[in-house]
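Comments concern the structure below.
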Amino acid sequence: VQLVEAGGGTVQPGGSLRLSCRVSGTTISRHALAWYRQVPGKARETVATITSSESSTYRDSVKGRFTISRDNAENAIYLQMDSLKAEDTAVYYCFCYVDGASQYWGQGTQVTVSS
């Protein structure tokens with residue numbers, strides 16, 4: 001199973017970015033998916049999750065600003081990030097939990113929010 005993120009970059013505060021994650025080696029329709037982020041010196045933290053039935057959760061600091069979605073036909077996961085803040089700066093990772101047993105991560109994509 002491989003996960004490949006794209007869409008990171010540098011944006012000004014208040015701006016938007018859309019991250020994508022293409023999954024290969026498995027069909028994502030039955031799996032739970034998520035986005036995490038990590039800054040140097042801190043633990044990786046959950047940003048958003050989405051189940052196979054499309055139920056989603058978000059960490060409090062991104063609620064109302066970020067939207068996680070999945071496209072089972074494209075075998076892809078997305079994270080729409082709006083109203084970005086400096087504290088959203090991090091490396092973002094997509095995650096796939098296969099059959100409730102195996103965990104797979106993407107390589108990460110840098111998001112920098114700076115004026």
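We name chains A, B, ... following the order of the structure tokens; residues begin at 1 in each chain, and ligands are numbered from 1 as shown.
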Contacts between stretch 94-103 of chain A and stretch 11-50 of chain A, please, where a residue of stretch 11-50 of chain A counts if it comes within 7 Å (with only C-alpha atoms); show its shortest atom pair and distance in Å to one decimal, rows by chain and ascending number, as a Markdown table.
```
| residue | atom | partner | partner_atom | distance |
| --- | --- | --- | --- | --- |
| A:Cys21 | CA | A:Cys94 | CA | 6.5 |
| A:His31 | CA | A:Val98 | CA | 5.5 |
| A:Ala32 | CA | A:Tyr97 | CA | 5.4 |
| A:Leu33 | CA | A:Cys96 | CA | 4.7 |
| A:Ala34 | CA | A:Phe95 | CA | 5.0 |
| A:Trp35 | CA | A:Cys94 | CA | 4.5 |
| A:Tyr36 | CA | A:Cys94 | CA | 6.3 |
```
In stretch 22-106 of chain A, DSSP strand (DSSP E) residues written as an NGL selection string: :A and (22-24 or 32-38 or 45-50 or 56-58 or 66-71 or 76-81 or 90-98 or 102-105)
Of the residues A:Gly15, A:Gly25, A:Gln107, A:Gly7, which is the one nearest to A:Leu84, using only C-alpha atoms?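 Looking at the shortest contact to A:Leu84, the residue is A:Gly15.
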Could you find all residues in chain A that DSSP calls helix (DSSP H, G or I) from the backbone, and write them as a list in words?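 DSSP on the backbone gives helix (DSSP H, G or I) at Ile28, Ser29, Arg30, Asp60, Ser61, Val62, Ala86, Glu87 and Asp88 of chain A.
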Give me a file of those residues, with N, CA, C and O atoms, as a compact mmCIF listing (two decimals), in the first residue's frame.
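Resulting contents of result10.txt:
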```txt
# COMPACT_ATOMS: atom_id res chain seq x y z
N ILE A 28 -9.78 1.98 -1.01
CA ILE A 28 -10.00 2.70 0.24
C ILE A 28 -11.44 2.66 0.73
O ILE A 28 -11.71 3.04 1.87
N SER A 29 -12.36 2.18 -0.09
CA SER A 29 -13.78 2.31 0.25
C SER A 29 -14.14 1.67 1.59
O SER A 29 -15.08 2.09 2.25
N ARG A 30 -13.39 0.65 2.00
CA ARG A 30 -13.72 -0.05 3.24
C ARG A 30 -12.90 0.43 4.44
O ARG A 30 -13.07 -0.07 5.55
N ASP A 60 -10.23 20.35 17.57
CA ASP A 60 -10.97 21.58 17.85
C ASP A 60 -10.40 22.79 17.10
O ASP A 60 -11.14 23.65 16.63
N SER A 61 -9.09 22.85 16.99
CA SER A 61 -8.46 24.04 16.43
C SER A 61 -8.71 24.22 14.93
O SER A 61 -8.46 25.30 14.39
N VAL A 62 -9.20 23.18 14.24
CA VAL A 62 -9.44 23.31 12.81
C VAL A 62 -10.92 23.22 12.44
O VAL A 62 -11.28 23.37 11.27
N ALA A 86 -1.02 30.86 11.11
CA ALA A 86 0.40 30.51 11.26
C ALA A 86 0.58 29.21 12.02
O ALA A 86 1.47 28.42 11.72
N GLU A 87 -0.28 28.98 13.00
CA GLU A 87 -0.16 27.75 13.81
C GLU A 87 -0.55 26.48 13.06
O GLU A 87 -0.41 25.38 13.59
N ASP A 88 -1.06 26.61 11.84
CA ASP A 88 -1.33 25.43 11.00
C ASP A 88 -0.07 24.97 10.27
O ASP A 88 -0.10 23.92 9.62
```
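Using only C-alpha atoms for every distance, the candidate list A:Thr57, A:Thr10, A:Gln110, A:Asn75 yields A:Asn75 as the residue closest to A:Arg22.
Across A:Gly9, A:Ser115, A:Tyr93, A:Ser83, the tightest approach to A:Thr49 is made by A:Tyr93 when counting only C-alpha atoms.
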Would you mind listing what lies within 10 Å of A:Ser16 as JSON, numbers by chain, with only C-alpha atoms counted and same-chain residues fewer than 2 positions away left out? {"A": [10, 11, 12, 13, 14, 18, 65, 66, 80, 81, 82, 83, 84, 85, 113]}
Can you tell me which residues surround A:Ala6 at a distance of at most 7 Å, considering only C-alpha atoms, apart from same-chain residues fewer than 5 positions away, and format the answer as an mmCIF file with N, CA, C and O atoms, in the first residue's frame?
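result_23.cif written:
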```
data_model
loop_
_atom_site.group_PDB
_atom_site.id
_atom_site.type_symbol
_atom_site.label_atom_id
_atom_site.label_comp_id
_atom_site.auth_asym_id
_atom_site.auth_seq_id
_atom_site.Cartn_x
_atom_site.Cartn_y
_atom_site.Cartn_z
ATOM 1 N N LEU A 19 -5.063 19.769 0.101
ATOM 2 C CA LEU A 19 -4.158 18.636 0.047
ATOM 3 C C LEU A 19 -4.873 17.433 -0.552
ATOM 4 O O LEU A 19 -6.068 17.219 -0.314
ATOM 5 N N SER A 20 -4.142 16.654 -1.324
ATOM 6 C CA SER A 20 -4.682 15.415 -1.861
ATOM 7 C C SER A 20 -3.733 14.272 -1.512
ATOM 8 O O SER A 20 -2.546 14.475 -1.276
ATOM 9 N N CYS A 21 -4.288 13.086 -1.491
ATOM 10 C CA CYS A 21 -3.503 11.883 -1.182
ATOM 11 C C CYS A 21 -4.033 10.756 -2.046
ATOM 12 O O CYS A 21 -5.183 10.334 -1.890
ATOM 13 N N THR A 109 3.708 16.278 3.364
ATOM 14 C CA THR A 109 3.800 17.462 2.509
ATOM 15 C C THR A 109 3.820 18.694 3.418
ATOM 16 O O THR A 109 3.043 18.795 4.366
#
```
Could you list, as a ChimeraX atom specification, every residue within 7 Å of A:Ser24, counting only C-alpha atoms and ignoring same-chain residues fewer than 3 positions away? /A:1-3
Output N, CA and C atoms of each residue in that selection to a file, as a tab-separated table (two decimals), in the first residue's frame.
```
chain	number	residue	atom	x	y	z
A	1	VAL	N	0.86	-1.18	0.00
A	1	VAL	CA	0.00	0.00	0.00
A	1	VAL	C	0.90	1.24	0.00
A	2	GLN	N	0.59	2.17	-0.89
A	2	GLN	CA	1.35	3.43	-0.93
A	2	GLN	C	0.40	4.61	-0.91
A	3	LEU	N	0.82	5.65	-0.19
A	3	LEU	CA	0.06	6.89	-0.12
A	3	LEU	C	0.97	8.02	-0.56
```
Closest of A:Leu17, A:Ser114, A:Ala43, A:Thr27 to A:Glu74, counting only C-alpha atoms, is A:Thr27
9 Å contact set for A:Ser56, only C-alpha atoms, chain neighbours under 5 positions out, as number ranges by chain: A: 48-51, 67-69
Just to be explicit: take each residue in the selection above, keep C-alpha atoms, and write the result as a PDB file, in the first residue's frame.
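Below is the file that was written, again03.pdb:
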```pdb
ATOM      1  CA  ALA A  48      -9.228  15.019  10.809  1.00  0.00           C
ATOM      2  CA  THR A  49     -10.599  11.533  10.333  1.00  0.00           C
ATOM      3  CA  ILE A  50     -13.223  10.004   8.067  1.00  0.00           C
ATOM      4  CA  THR A  51     -14.767   6.566   8.273  1.00  0.00           C
ATOM      5  CA  THR A  67     -12.848  19.730   5.558  1.00  0.00           C
ATOM      6  CA  ILE A  68     -11.796  16.122   5.041  1.00  0.00           C
ATOM      7  CA  SER A  69     -13.302  14.163   2.168  1.00  0.00           C
TER       8      SER A  69
END
```
What is the atom CA of A:Glu45 to atom CA of A:Asn72 distance in Å?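 Going from atom CA of A:Glu45 over to atom CA of A:Asn72 covers 24.6 Å.
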Pairwise distance, atom CA of A:Trp105 with atom CA of A:Glu54, equals 19.6 Å
